[in-house]
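Everything below concerns the one structure shown next.
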Amino acid sequence: MLKCGMNGSQVKVFGKAVQALSRISDELWLDPSENGLTLRSVNSCRSAYGCVLFSPLFFQHYQWSTSAERNDNNTISNLNCKLGIKSILPIFRCLSSLERNVEKCKIFTRPDKSKVIFQFFCRHGIKRTHNMCFQESQPLQVIFEKNMCNNTLMIQPRVLAEAIVLFTSNQEEVTLAVTPLNVCIKSSNEESMDLTNSVYSEMFVGPDEFDFFQIGVDTEITFCLKELKGMLIFSEAIRAPISIHFDIPGKPVALSIDDMLLEAHFVLATLADEPSRGCSPQSLCLSQKRKRSDLVYANLKAGEKDSKATEYISGKAAPTRLYPNETLTDISTLENRGSPIMRGVNGDITEVPESSVSDTEEVPASQSLRKVKERCCNSTMS
């Protein structure tokens with residue numbers, strides 16, 4: 001059971017969190033606990049994950065209790081609600097209007113009817129009630145040791161917004177290149193090769209512009225711009241800096257916000273470089289193939305043999321799921337500089353070997369072409 005209340009300004013922050021998570025997936029999980037109310041989201045191709053935790057102190061009042069129903073293990077389970085983002089997003093579309101007109105907002109659940117109810121008490125005695133059906137589903141969790149990353153940046157949202165505004169609306173990916181001297185945010189190399197996209201943008205930021213600047217490894221990572229904009233929108237609403245934790249290409253990048261009343265964490269997959277064999281250093285960046293390492297490893301159904309695999313998603317290919325018929329129950333991500341860890345439903349932890357990137361073999365010349373060359377040489381000699 002969940003019961004909580006907010007005022008107009010708190011509704012605006014809550015709505016910004018919903019809007020930020022809507023850039024990741026079409027599904028939203030409500031996970032109430034004693035630590036507060038957590039909103040979670042993961043995309044269909046398991047390459048982006050986001051969660052926002054609102055502590056009990058964020059709300060005017062917060063009540064939570066476990067569900068009376070018992071699961072298969074005869075233990076009391078928590079209330080886990082999965083909502084469609086299309087049903088909840090229109091409620092928080094005009095946040096400026098809600099901040100001015102809403103005096104109080106109540107959120108509570110009806111587990112017996114599988115409904116989440118949002119009530120807005122506005123000025124002039126106007127009361128708005130929204131009933132949304134939810135689906136029972138286990139909450140999503142990601143294991144990622146961001147403190148083990150070699151590179152950490154903390155930047156104010158206004159500075160990051162000045163860099164993001166340079167990119168066009170059709171920009172899908174962004175590249176972050178770092179050295180101990182500066183940070184470069186630019187269009188990805190793969191998209192710059194497209195002739196239809198004639199704009200290539202980059203911005204250099206010095207170490208003095210960051211609240212915290214630690215570069216242990218010179219690296220260049222590429223990830224989706226859509227999720228970055230979502231985190232930026234949320235950080236601007238609460239006026240909190242964004243922390244960026246990352247390592248080498250192919251390892252996840254973590255965007256986080258730590259505040260006294262809330263926490264936000266986005267974990268995004270990055271592109272892994274696969275250079276072609278025999279390429280010169282100058283042409284390496286133009287001939288290399290880029291693959292997106294999967295962020296999430298799903299578990300097989302109970303009773304089936306466990307098998308783990310890493311899904312790679314090209315920057316231009318359509319995303320696909322590893323197991324389309326599977327219900328996602330728990331998520332684990334790549335740990336920094338280590339093998340991915342998978343946590344099963346029964347609590348067992350197994351290690352998955354990290355997939356290696358193999359070089360692309362050269363295609364041998366055609367046999368018929370060789371015969372033609374031999375004939376030409378024989379005729380010339382004769």
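By convention here, the chains of the structure tokens are called A, B, ... in the order presented, each chain's residues are numbered starting at 1, and ligands are numbered starting at 1 in the order presented.
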
Which residues are close to Asp31 of chain A, i.e. within 6 Å by only C-alpha atoms, leaving aside same-chain residues fewer than 6 positions away? Reply as an MDAnalysis selection string. chainID A and resid 37:38 80

Contacts of Ser87 of chain A at 10 Å or less, counting only C-alpha atoms, minus same-chain residues fewer than 4 places along, as a compact mmCIF listing (two decimals) with N, CA, C and O atoms, in the first residue's frame?
```txt
# COMPACT_ATOMS: atom_id res chain seq x y z
N ASP A 26 8.82 3.00 -22.50
CA ASP A 26 7.38 3.21 -22.50
C ASP A 26 6.72 2.64 -21.26
O ASP A 26 5.49 2.64 -21.15
N GLU A 27 7.52 2.14 -20.33
CA GLU A 27 7.00 1.55 -19.09
C GLU A 27 7.67 2.21 -17.89
O GLU A 27 8.84 2.57 -17.94
N LEU A 83 3.39 0.72 -14.83
CA LEU A 83 2.43 1.57 -15.53
C LEU A 83 2.92 1.84 -16.94
O LEU A 83 4.13 1.83 -17.21
N ILE A 91 -0.55 13.46 -17.57
CA ILE A 91 -0.91 14.11 -16.30
C ILE A 91 0.10 15.18 -15.93
O ILE A 91 -0.25 16.23 -15.38
N HIS A 130 -7.30 10.95 -11.30
CA HIS A 130 -6.86 10.11 -12.41
C HIS A 130 -6.65 8.70 -11.88
O HIS A 130 -5.85 8.49 -10.95
N ASN A 131 -7.38 7.74 -12.45
CA ASN A 131 -7.27 6.33 -12.08
C ASN A 131 -6.52 5.59 -13.18
O ASN A 131 -6.92 5.64 -14.35
N MET A 132 -5.45 4.90 -12.80
CA MET A 132 -4.65 4.16 -13.77
C MET A 132 -4.46 2.73 -13.28
O MET A 132 -4.12 2.50 -12.11
N CYS A 133 -4.69 1.79 -14.16
CA CYS A 133 -4.48 0.39 -13.84
C CYS A 133 -3.00 0.05 -13.94
O CYS A 133 -2.30 0.53 -14.84
```

I need the residues of segment 8-94 of chain A that end up classed as alpha helix (DSSP H) by DSSP on the backbone, written out as a VMD selection string. chain A and resid 8 to 22 85 to 88

Which one is closest to Leu160 of chain A: A:Lys3, A:Arg40, A:Lys229, A:His61? Count only C-alpha atoms.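 Closest to Leu160 of chain A of all the choices is A:Lys229.
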
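Counting only C-alpha atoms and comparing A:Ser201, A:Ser47, A:Gln138, A:Asn182, the residue that lies closest to Val253 of chain A is A:Ser47.
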
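Atom CA of Ala264 of chain A sits 19.2 Å away from atom CA of Ile88 of chain A.
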
Pick from A:Leu228, A:Val142, A:Met148, A:Ile244 nearest to Ala163 of chain A, counting only C-alpha atoms: A:Leu228
